[in-house]
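So this one's data.txt, compact mmCIF, C-alpha atoms:
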```txt
# COMPACT_ATOMS: atom_id res chain seq x y z
CA MET E 15 0.00 0.00 0.00
CA ASP E 16 2.83 2.38 0.83
CA SER E 17 4.35 1.98 -2.64
CA LEU E 18 0.97 2.79 -4.19
CA GLU E 19 0.70 5.92 -2.10
CA ARG E 20 4.03 7.12 -3.47
CA ILE E 21 2.80 7.14 -7.08
CA SER E 22 2.78 10.72 -8.30
CA ARG E 23 -0.13 12.21 -10.17
CA ILE E 24 2.45 14.28 -12.06
CA ASP E 25 4.36 12.49 -14.81
CA ARG E 26 7.94 13.67 -14.41
CA SER E 27 8.71 12.91 -18.06
CA LEU E 28 6.42 15.81 -18.98
CA LEU E 29 8.57 18.29 -17.05
CA SER E 30 11.26 20.37 -18.73
CA GLY E 31 14.78 20.07 -17.37
CA GLU E 32 15.50 23.66 -18.35
CA HIS E 33 12.19 25.18 -17.19
CA TYR E 34 11.40 22.77 -14.39
CA LEU E 35 9.40 25.07 -12.10
CA SER E 36 7.09 26.51 -14.74
CA THR E 37 6.27 23.09 -16.21
CA LEU E 38 5.82 21.65 -12.71
CA LEU E 39 3.24 24.34 -11.91
CA GLU E 40 1.47 23.68 -15.20
CA GLN E 41 1.24 19.94 -14.56
CA ALA E 42 0.32 20.49 -10.91
CA TYR E 43 -2.66 22.55 -12.05
CA LEU E 44 -3.72 20.07 -14.77
CA THR E 45 -3.56 17.12 -12.35
CA GLU E 46 -5.23 19.10 -9.53
CA VAL E 47 -2.27 18.69 -7.20
CA LEU E 48 -2.37 22.45 -6.67
CA THR E 49 -5.32 24.81 -6.99
CA ALA E 50 -5.30 28.02 -9.00
CA PRO E 51 -5.06 30.19 -5.83
CA GLN E 52 -2.11 28.11 -4.60
CA ILE E 53 -0.29 28.51 -7.90
CA GLU E 54 -0.95 32.25 -7.81
CA ALA E 55 0.50 32.36 -4.29
CA VAL E 56 3.63 30.55 -5.52
CA GLN E 57 4.00 33.05 -8.37
CA MET E 58 3.69 35.98 -5.97
CA ALA E 59 6.28 34.42 -3.67
CA CYS E 60 8.68 34.11 -6.63
CA LEU E 61 8.15 37.79 -7.39
CA SER E 62 9.05 38.59 -3.78
CA VAL E 63 12.32 36.70 -4.25
CA LEU E 64 12.85 38.65 -7.48
CA ALA E 65 12.38 41.97 -5.64
CA ARG E 66 15.03 41.01 -3.09
CA GLN E 67 17.41 39.82 -5.79
CA THR E 68 17.07 43.05 -7.79
CA GLN E 69 17.96 45.01 -4.67
CA LEU E 70 21.07 42.88 -4.25
CA TYR E 71 21.82 43.37 -7.94
CA ASN E 72 21.77 47.14 -7.37
CA GLY E 73 23.82 46.96 -4.20
CA MET E 74 20.72 47.35 -1.97
CA GLU E 75 20.26 50.91 -3.27
CA SER E 76 17.15 50.32 -5.36
CA SER E 77 14.86 47.60 -6.70
CA SER E 78 14.59 49.34 -10.08
CA VAL E 79 16.38 47.64 -12.97
CA ARG E 80 16.06 47.49 -16.73
CA VAL E 81 13.31 45.21 -18.00
CA GLU E 82 15.86 42.97 -19.70
CA ASP E 83 17.85 42.59 -16.48
CA ALA E 84 14.71 41.91 -14.45
CA GLU E 85 13.68 39.18 -16.86
CA GLU E 86 17.12 37.56 -16.61
CA ILE E 87 17.06 37.69 -12.80
CA LEU E 88 13.54 36.26 -12.66
CA GLU E 89 14.58 33.43 -14.95
CA SER E 90 17.54 32.81 -12.63
CA VAL E 91 15.22 32.71 -9.60
CA LEU E 92 12.89 30.21 -11.27
CA PHE E 93 15.81 28.08 -12.44
CA THR E 94 17.38 28.02 -8.97
CA ILE E 95 14.14 26.98 -7.31
CA GLY E 96 13.75 24.31 -10.00
CA VAL E 97 17.20 22.92 -9.22
CA CYS E 98 16.11 22.48 -5.61
CA LEU E 99 12.80 20.85 -6.57
CA LYS E 100 14.61 18.27 -8.71
CA GLU E 101 15.92 16.78 -5.47
CA TYR E 102 12.45 15.35 -4.89
CA GLY E 103 12.14 11.95 -6.54
CA ASN E 104 8.37 12.34 -6.55
CA ALA E 105 7.19 15.27 -8.68
CA GLU E 106 3.99 15.63 -6.66
CA ASP E 107 6.05 16.06 -3.49
CA ALA E 108 8.05 18.75 -5.30
CA ALA E 109 4.86 20.65 -6.17
CA LEU E 110 3.56 20.42 -2.60
CA ALA E 111 6.93 21.63 -1.27
CA LEU E 112 6.26 24.96 -3.00
CA ILE E 113 3.34 25.45 -0.61
CA ARG E 114 4.78 23.73 2.45
CA GLU E 115 8.29 25.24 2.37
CA GLY E 116 7.87 28.39 0.31
CA ALA E 117 9.77 29.90 -2.59
CA GLU E 118 12.26 31.76 -0.39
CA ALA E 119 13.51 28.64 1.38
CA LEU E 120 13.60 26.61 -1.84
CA PHE E 121 15.54 29.39 -3.57
CA ALA E 122 18.15 29.38 -0.79
CA ARG E 123 18.50 25.60 -0.94
CA GLY E 124 18.71 25.66 -4.72
CA GLY E 125 21.46 28.26 -4.56
CA LYS E 126 23.49 26.08 -2.20
CA ARG E 127 22.99 23.08 -4.44
CA ILE E 128 24.20 25.07 -7.47
CA ASP E 129 27.28 26.22 -5.53
CA ARG E 130 28.12 22.61 -4.64
CA MET E 131 27.53 21.51 -8.21
CA LEU E 132 29.80 24.28 -9.47
CA LYS E 133 32.65 23.26 -7.14
CA THR E 134 32.44 19.55 -7.93
CA THR E 135 32.12 20.22 -11.67
CA LYS E 136 35.26 22.38 -11.61
CA LEU E 137 37.19 19.56 -9.94
CA PHE E 138 35.84 16.97 -12.37
CA HIS E 139 36.70 19.21 -15.32
CA ALA E 140 40.24 19.74 -14.11
CA GLY E 141 40.75 15.97 -13.99
CA LEU E 142 39.23 15.54 -17.45
CA VAL E 143 41.57 18.15 -18.96
CA ARG E 144 44.60 16.28 -17.60
CA ARG E 145 43.57 13.10 -19.42
CA LEU E 146 42.21 14.56 -22.66
CA MET E 147 43.18 12.62 -25.74
CA GLU E 148 45.63 14.22 -28.14
CA THR E 149 44.11 15.25 -31.46
CA PRO E 150 44.82 17.89 -34.11
CA ASN E 151 41.10 18.70 -34.27
CA VAL E 152 40.98 22.37 -33.28
CA PHE E 153 37.52 22.22 -31.72
CA TYR E 154 38.11 19.39 -29.25
CA ARG E 155 40.53 20.91 -26.75
CA SER E 156 39.49 24.51 -27.46
CA THR E 157 35.94 23.66 -26.38
CA VAL E 158 36.53 21.11 -23.65
CA GLU E 159 39.33 23.06 -21.97
CA ASP E 160 39.22 26.72 -23.02
CA GLY E 161 35.48 26.97 -23.60
CA ILE E 162 34.50 25.35 -20.31
CA ASN E 163 37.07 27.45 -18.43
CA GLY E 164 35.44 30.47 -20.04
CA PHE E 165 32.09 29.37 -18.62
CA PHE E 166 33.53 29.10 -15.12
CA GLN E 167 34.98 32.61 -15.39
CA LEU E 168 31.71 34.17 -16.55
CA TYR E 169 29.16 32.18 -14.55
CA ARG E 170 27.35 34.23 -11.89
CA PRO E 171 24.68 31.96 -10.40
CA GLN E 172 23.36 34.60 -8.01
CA PHE E 173 21.77 36.56 -10.86
CA GLY E 174 22.19 34.32 -13.91
CA ALA E 175 22.07 30.71 -12.77
CA GLN E 176 20.45 29.63 -16.04
CA GLN E 177 23.09 31.15 -18.31
CA ILE E 178 25.62 29.07 -20.23
CA HIS E 179 27.69 31.82 -21.93
CA ILE E 180 29.56 29.44 -24.25
CA THR E 181 28.45 27.73 -27.45
CA ALA E 182 30.03 24.28 -26.81
CA ASP E 183 31.28 24.05 -30.40
CA TYR E 184 32.51 20.47 -30.11
CA PRO E 185 29.51 18.22 -30.94
CA LEU E 186 28.82 15.17 -28.81
CA LEU E 187 27.75 11.69 -29.84
CA HIS E 188 24.60 12.40 -27.83
CA PRO E 189 23.96 16.18 -27.62
CA VAL E 190 22.83 17.62 -24.29
CA ALA E 191 19.27 18.93 -24.52
CA ASP E 192 16.78 20.60 -22.18
CA LEU E 193 19.29 21.70 -19.56
CA ALA E 194 20.76 25.11 -18.73
CA GLY E 195 23.42 26.72 -16.57
CA ILE E 196 25.69 24.52 -14.52
CA GLU E 197 23.41 21.52 -15.11
CA PHE E 198 24.09 21.75 -18.85
CA ILE E 199 27.85 22.16 -18.35
CA ARG E 200 28.08 19.30 -15.88
CA GLU E 201 26.21 16.94 -18.21
CA TYR E 202 28.26 18.09 -21.20
CA ILE E 203 31.52 17.42 -19.35
CA GLU E 204 30.36 14.00 -18.15
CA ARG E 205 29.47 12.99 -21.73
CA VAL E 206 32.80 14.24 -23.02
CA ASP E 207 34.46 12.16 -20.30
CA CYS E 208 32.67 9.02 -21.54
CA GLU E 209 33.79 9.65 -25.12
CA ASN E 210 37.29 10.54 -23.99
CA GLN E 211 37.65 7.37 -21.91
CA PHE E 212 36.77 5.28 -24.93
CA CYS E 213 38.95 7.16 -27.41
CA THR E 214 42.02 7.11 -25.15
CA CYS E 215 41.94 3.30 -25.39
CA PHE E 216 43.31 3.80 -28.91
CA SER E 217 46.53 5.37 -30.12
CA PRO E 218 46.12 9.05 -31.14
CA VAL E 219 48.03 8.27 -34.34
CA THR E 220 45.64 5.39 -35.09
CA ILE E 221 42.61 7.65 -34.60
CA HIS E 222 44.22 10.33 -36.74
CA ALA E 223 44.86 7.84 -39.55
CA LEU E 224 41.24 6.67 -39.34
CA LEU E 225 39.81 10.19 -39.47
CA CYS E 226 42.10 11.05 -42.38
CA GLY E 227 39.89 8.60 -44.27
CA LEU E 228 37.11 11.20 -44.22
CA PRO E 229 36.56 13.05 -47.52
CA VAL E 230 37.21 16.36 -45.72
CA ASP E 231 39.97 17.62 -43.41
CA TYR E 232 38.56 16.74 -40.01
CA ARG E 233 41.13 18.87 -38.19
CA GLU E 234 39.33 22.11 -39.05
CA LEU E 235 35.76 20.87 -38.65
CA PRO E 236 33.44 20.73 -35.62
CA LEU E 237 32.65 17.03 -35.85
CA ASN E 238 32.35 14.28 -33.29
CA LEU E 239 35.46 12.11 -33.08
CA CYS E 240 34.05 9.28 -30.99
CA GLY E 241 31.38 8.13 -33.45
CA PRO E 242 33.72 7.11 -36.30
CA VAL E 243 36.09 5.41 -33.84
CA LEU E 244 33.25 3.43 -32.24
CA THR E 245 31.85 2.40 -35.62
CA ALA E 246 35.25 1.35 -36.97
CA ALA E 247 36.01 -0.65 -33.81
CA LEU E 248 32.66 -2.46 -34.08
CA GLY E 249 33.30 -3.16 -37.75
CA SER E 250 36.68 -4.63 -36.88
CA VAL E 251 35.10 -6.98 -34.34
CA LEU E 252 32.49 -8.07 -36.90
CA CYS E 253 35.33 -8.82 -39.34
CA GLY E 254 37.18 -10.83 -36.70
CA LYS E 255 40.08 -8.37 -36.66
CA ASN E 256 41.99 -6.66 -33.89
CA PHE E 257 39.79 -3.67 -33.10
CA TYR E 258 42.68 -1.69 -31.58
CA SER E 259 44.07 -1.11 -35.08
CA LEU E 260 40.83 0.43 -36.43
CA ARG E 261 42.10 -0.72 -39.80
CA LEU E 262 39.62 -2.04 -42.37
CA SER E 263 40.53 -2.82 -45.96
CA ALA E 264 38.38 -2.71 -49.07
CA GLU E 265 38.29 -6.51 -48.90
CA ASP E 266 37.03 -6.35 -45.32
CA LEU E 267 34.21 -4.04 -46.33
CA ALA E 268 33.29 -6.27 -49.27
CA ASP E 269 33.14 -9.31 -46.98
CA LEU E 270 31.14 -7.37 -44.41
CA LYS E 271 28.69 -6.18 -47.04
CA GLU E 272 28.11 -9.76 -48.17
CA LYS E 273 27.67 -10.88 -44.56
CA LEU E 274 25.21 -8.10 -43.70
CA ASN E 275 23.35 -7.81 -46.98
CA GLY E 276 19.60 -8.16 -46.57
CA ARG E 277 19.68 -7.80 -42.80
CA GLY E 278 17.39 -5.18 -41.34
CA LYS E 279 18.09 -2.99 -38.32
CA SER E 280 16.40 -5.53 -36.02
CA GLU E 281 18.91 -8.17 -37.16
CA LEU E 282 21.94 -5.86 -37.22
CA LEU E 283 21.43 -4.48 -33.72
CA PRO E 284 22.02 -7.80 -31.86
CA LEU E 285 25.21 -8.30 -33.90
CA LEU E 286 26.47 -4.85 -32.92
CA GLN E 287 25.48 -5.37 -29.29
CA ALA E 288 27.41 -8.64 -29.13
CA ALA E 289 30.44 -7.00 -30.75
CA PHE E 290 30.20 -4.09 -28.32
CA GLU E 291 29.99 -6.35 -25.27
CA LYS E 292 33.12 -8.18 -26.40
CA MET E 293 34.98 -4.92 -26.97
CA SER E 294 33.74 -3.29 -23.77
CA LEU E 295 34.93 -6.23 -21.70
CA ALA E 296 38.38 -6.05 -23.26
CA LEU E 297 38.61 -2.30 -22.64
CA SER E 298 37.28 -2.42 -19.03
CA LEU E 299 35.00 0.53 -19.68
CA ARG E 300 33.18 2.18 -16.78
CA ARG E 301 29.46 1.45 -16.52
CA ARG E 302 28.46 5.01 -17.42
CA THR E 303 30.72 4.90 -20.49
CA GLU E 304 29.27 1.52 -21.50
CA GLU E 305 25.72 2.80 -21.24
CA TYR E 306 26.54 6.02 -23.07
CA LEU E 307 28.17 4.24 -26.02
CA ALA E 308 25.58 1.45 -26.12
CA ALA E 309 22.87 4.07 -26.61
CA ALA E 310 24.47 4.88 -29.99
CA LEU E 311 24.16 1.32 -31.32
CA PRO E 312 20.60 1.61 -32.72
CA GLY E 313 21.67 4.64 -34.75
CA ILE E 314 24.79 2.87 -36.02
CA ALA E 315 22.68 -0.17 -36.98
CA ALA E 316 20.37 2.07 -39.02
CA GLU E 317 23.34 3.73 -40.74
CA ILE E 318 24.93 0.40 -41.61
CA GLU E 319 21.64 -0.98 -42.93
CA ASN E 320 21.27 2.01 -45.24
CA ALA E 321 24.95 1.92 -46.26
CA VAL E 322 24.80 -1.78 -47.21
CA ARG E 323 21.65 -1.19 -49.23
CA THR E 324 23.11 1.82 -51.07
CA ASP E 325 26.64 0.38 -51.42
CA THR E 326 28.16 3.23 -49.38
CA LEU E 327 29.63 1.21 -46.50
CA SER E 328 32.99 2.97 -46.87
CA GLY E 329 31.28 6.20 -45.84
CA ILE E 330 30.31 4.66 -42.49
CA LEU E 331 33.20 2.30 -41.84
CA LEU E 332 36.21 4.45 -42.69
CA MET E 333 39.36 2.99 -44.17
CA THR E 334 42.51 4.39 -42.60
CA ARG E 335 44.64 6.62 -44.76
CA LEU E 336 48.35 7.10 -44.20
CA PRO E 337 48.68 10.70 -42.96
CA ARG E 338 51.05 12.88 -44.96
CA ASP E 339 51.23 15.66 -42.40
CA GLY E 340 53.73 13.94 -40.12
CA TYR E 341 51.37 14.34 -37.18
CA ARG E 342 52.75 13.06 -33.90
CA PRO E 343 50.95 13.49 -30.58
CA VAL E 344 52.69 15.57 -27.94
```
Now that the file is in, can you turn its structure into structure tokens?
Amino acid sequence: MDSLERISRIDRSLLSGEHYLSTLLEQAYLTEVLTAPQIEAVQMACLSVLARQTQLYNGMESSSVRVEDAEEILESVLFTIGVCLKEYGNAEDAALALIREGAEALFARGGKRIDRMLKTTKLFHAGLVRRLMETPNVFYRSTVEDGINGFFQLYRPQFGAQQIHITADYPLLHPVADLAGIEFIREYIERVDCENQFCTCFSPVTIHALLCGLPVDYRELPLNLCGPVLTAALGSVLCGKNFYSLRLSAEDLADLKEKLNGRGKSELLPLLQAAFEKMSLALSLRRRTEEYLAAALPGIAAEIENAVRTDTLSGILLMTRLPRDGYRPV
């Protein structure tokens, strides 16, 4: 009975990670967890927090600010309260906390949680930078190191907790969506860490030779480096070759095409999953990295199915090309 009582009337999957509070209030109203007067009281309480924050913004001299600044500060207030409410595993409990605890207390707790998140993310980022893979791609290190450091320098959670400031030019295998502020940066860094852990299992020169098989110069392009490496490694396993080399020949691709011809995505996916499990075991990947990479397998299966059908497998499973630039990792 107790487990049944804990079922929330609010479906958390309908809540926005970026605009958690506003979507929580909307769903709380639609599911009758909160009444219209209660929601209005919450909104007024948030405006009271805004008034105090604008005074702090002006050095306690006045509560008058430009409309644009007031909108930014209000968004920061709502975001900070939302960060606190995410601590509740049950979304209905989170909605009721707005009435029981009040916006002011939730804002203070959310601010402390953001401060902790900021400190731990800085430490995690510093460790990631020390173990970043070597690559001549200009966007990888410039984003992961310089760009993220730029965020830390500009981030002011007291009045702009929702701001990101940077563009995160390096694209991920799985882009971060529906998050803002430090939550976005933390998730971005954690995903980069998963990709980096996998890629550092291979020689930088080997990865460079593989990516030189692209029809364009990958060094000057904002493209994901992990995806081609993962696909080539899986292809090597399917061919019965040493996946550390990432080296597939035209003959390998011809054999693979014959082996996979006529197989749909539903048949290709189990093959890729078995190949991935074998490779993951050999590489001793962390669980989070395993789960992150495994989530890409359905997409890779669909790409391979299409490539076999259209005779374009070499565009998915790259063949290494001997670099002529004399690149050597530092």
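Using all atoms listed in the file, the residues found no farther than 12 Å from Asp231 (chain E), other than those of its own chain fewer than 2 positions away, are Pro150, Asn151, Val152, His222, Ala223, Leu224, Leu225, Cys226, Gly227, Leu228, Pro229, Arg233, Glu234, Leu235, Pro236, Leu237, Pro337 and Asp339 of chain E.
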ask   = Which of these, E:Asp160, E:Ile203, E:Met147, E:Leu252, has the shortest distance to Cys240 (chain E) once you count all atoms listed in the file?
value = E:Met147
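Among the candidate residues E:Arg127, E:Lys279, E:Arg26, E:Arg80, the one lying nearest to Arg323 (chain E) is E:Lys279, with distances computed using all atoms listed in the file.
Here CA of Arg114 (chain E) is placed at a distance of 21.5 Å from CA of Leu88 (chain E).
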query = What is the distance, in Å and to one decimal place, between CA of His188 (chain E) and CA of Val322 (chain E)?
reply = 24.0 Å
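Residues with at least one atom no more than 9 Å from (22.8, 27.4, -8.6), using only C-alpha atoms, are Ser90, Phe93, Thr94, Ile95, Val97, Cys98, Arg123, Gly124, Gly125, Lys126, Arg127, Ile128, Asp129, Arg130, Met131, Leu132, Arg170, Pro171, Gln172, Gly174, Ala175, Gln176, Gly195, Ile196 and Glu197 of chain E.
Reported to one decimal place, the separation of CA of Lys271 (chain E) from CA of Glu319 (chain E) is 9.7 Å.
If only C-alpha atoms are the atoms counted, then among E:Leu146, E:Ala316, E:Leu35, E:Leu44 the closest residue to Lys100 (chain E) is E:Leu35.
Distances here use all atoms listed in the file; by that measure, the residue among E:Glu148, E:Glu54, E:Glu281, E:Asp107 closest to Ser217 (chain E) is E:Glu148.
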ask   = Around (31.4, 15.0, -19.8) in the file's own coordinates, what residues are found within 12 Å if you use all atoms listed in the file, given back as a PyMOL selection string?
value = chain E and resi 135-136+138-143+146+157-159+162+182+184-190+197-211+302-303+306
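If you count all atoms listed in the file and ignore residues fewer than 5 places along the chain from Ala264 (chain E), what sits within 9 Å of it is Asp269, Ser328 and Met333 of chain E.
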How would the residues just picked look written out with C-alpha atoms as a PDB file, in the frame of the given file?
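Written output follows (out-v8.pdb):
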```pdb
ATOM      1  CA  ASP E 269      33.140  -9.310 -46.980  1.00  0.00           C
ATOM      2  CA  SER E 328      32.990   2.970 -46.870  1.00  0.00           C
ATOM      3  CA  MET E 333      39.360   2.990 -44.170  1.00  0.00           C
TER       4      MET E 333
END
```
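Proximity ranking of E:Ser30, E:Thr220, E:Thr149, E:Ser36 relative to Leu112 (chain E) places E:Ser36 first, based on all atoms listed in the file.
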message = Using all atoms listed in the file, can you tell me which of E:Leu297, E:Gln52, E:Gln167, E:Glu265 comes closest to Ala111 (chain E)?
response = E:Gln52
Draw an axis-aligned box tight on the listed atoms of region 142-157 of chain E, then pad every side by 6 Å and write out centre and edge lengths in Å to one decimal as lines of an AutoDock Vina configuration file.
```
center_x = 40.8
center_y = 18.6
center_z = -25.9
size_x = 21.7
size_y = 23.9
size_z = 28.8
```
Can you give me N, CA and C atoms for region 225-254 of chain E, written as a tab-separated table (two decimals), in the frame of the given file?
```tsv
chain	number	residue	atom	x	y	z
E	225	LEU	N	40.58	9.00	-39.12
E	225	LEU	CA	39.81	10.19	-39.47
E	225	LEU	C	40.34	10.87	-40.73
E	226	CYS	N	41.58	10.57	-41.09
E	226	CYS	CA	42.10	11.05	-42.38
E	226	CYS	C	41.40	10.35	-43.54
E	227	GLY	N	40.66	9.28	-43.25
E	227	GLY	CA	39.89	8.60	-44.27
E	227	GLY	C	38.61	9.32	-44.63
E	228	LEU	N	38.28	10.38	-43.88
E	228	LEU	CA	37.11	11.20	-44.22
E	228	LEU	C	37.38	11.98	-45.51
E	229	PRO	N	36.35	12.30	-46.27
E	229	PRO	CA	36.56	13.05	-47.52
E	229	PRO	C	36.92	14.52	-47.30
E	230	VAL	N	36.87	14.98	-46.04
E	230	VAL	CA	37.21	16.36	-45.72
E	230	VAL	C	38.28	16.36	-44.62
E	231	ASP	N	38.93	17.49	-44.44
E	231	ASP	CA	39.97	17.62	-43.41
E	231	ASP	C	39.29	17.79	-42.05
E	232	TYR	N	39.28	16.73	-41.28
E	232	TYR	CA	38.56	16.74	-40.01
E	232	TYR	C	39.18	17.68	-38.99
E	233	ARG	N	40.42	18.06	-39.18
E	233	ARG	CA	41.13	18.87	-38.19
E	233	ARG	C	40.51	20.25	-38.03
E	234	GLU	N	39.88	20.76	-39.08
E	234	GLU	CA	39.33	22.11	-39.05
E	234	GLU	C	37.82	22.12	-38.93
E	235	LEU	N	37.22	20.96	-38.67
E	235	LEU	CA	35.76	20.87	-38.65
E	235	LEU	C	35.23	20.53	-37.26
E	236	PRO	N	34.08	21.10	-36.89
E	236	PRO	CA	33.44	20.73	-35.62
E	236	PRO	C	32.65	19.44	-35.79
E	237	LEU	N	33.34	18.32	-35.72
E	237	LEU	CA	32.65	17.03	-35.85
E	237	LEU	C	33.03	16.12	-34.68
E	238	ASN	N	32.11	15.20	-34.39
E	238	ASN	CA	32.35	14.28	-33.29
E	238	ASN	C	33.40	13.25	-33.67
E	239	LEU	N	34.37	13.03	-32.81
E	239	LEU	CA	35.46	12.11	-33.08
E	239	LEU	C	35.16	10.69	-32.59
E	240	CYS	N	34.31	10.58	-31.60
E	240	CYS	CA	34.05	9.28	-30.99
E	240	CYS	C	33.24	8.37	-31.92
E	241	GLY	N	32.26	8.92	-32.61
E	241	GLY	CA	31.38	8.13	-33.45
E	241	GLY	C	32.11	7.29	-34.49
E	242	PRO	N	32.98	7.91	-35.31
E	242	PRO	CA	33.72	7.11	-36.30
E	242	PRO	C	34.63	6.06	-35.67
E	243	VAL	N	35.22	6.37	-34.52
E	243	VAL	CA	36.09	5.41	-33.84
E	243	VAL	C	35.27	4.22	-33.35
E	244	LEU	N	34.12	4.50	-32.74
E	244	LEU	CA	33.25	3.43	-32.24
E	244	LEU	C	32.77	2.55	-33.39
E	245	THR	N	32.35	3.17	-34.48
E	245	THR	CA	31.85	2.40	-35.62
E	245	THR	C	32.94	1.54	-36.24
E	246	ALA	N	34.13	2.11	-36.40
E	246	ALA	CA	35.25	1.35	-36.97
E	246	ALA	C	35.65	0.19	-36.06
E	247	ALA	N	35.65	0.42	-34.76
E	247	ALA	CA	36.01	-0.65	-33.81
E	247	ALA	C	34.99	-1.79	-33.89
E	248	LEU	N	33.70	-1.44	-33.97
E	248	LEU	CA	32.66	-2.46	-34.08
E	248	LEU	C	32.80	-3.23	-35.39
E	249	GLY	N	33.10	-2.50	-36.46
E	249	GLY	CA	33.30	-3.16	-37.75
E	249	GLY	C	34.46	-4.13	-37.71
E	250	SER	N	35.52	-3.75	-37.00
E	250	SER	CA	36.68	-4.63	-36.88
E	250	SER	C	36.32	-5.92	-36.15
E	251	VAL	N	35.52	-5.79	-35.08
E	251	VAL	CA	35.10	-6.98	-34.34
E	251	VAL	C	34.25	-7.88	-35.24
E	252	LEU	N	33.34	-7.29	-36.00
E	252	LEU	CA	32.49	-8.07	-36.90
E	252	LEU	C	33.30	-8.78	-37.97
E	253	CYS	N	34.44	-8.20	-38.34
E	253	CYS	CA	35.33	-8.82	-39.34
E	253	CYS	C	36.29	-9.82	-38.71
E	254	GLY	N	36.27	-9.92	-37.38
E	254	GLY	CA	37.18	-10.83	-36.70
E	254	GLY	C	38.59	-10.30	-36.63
```
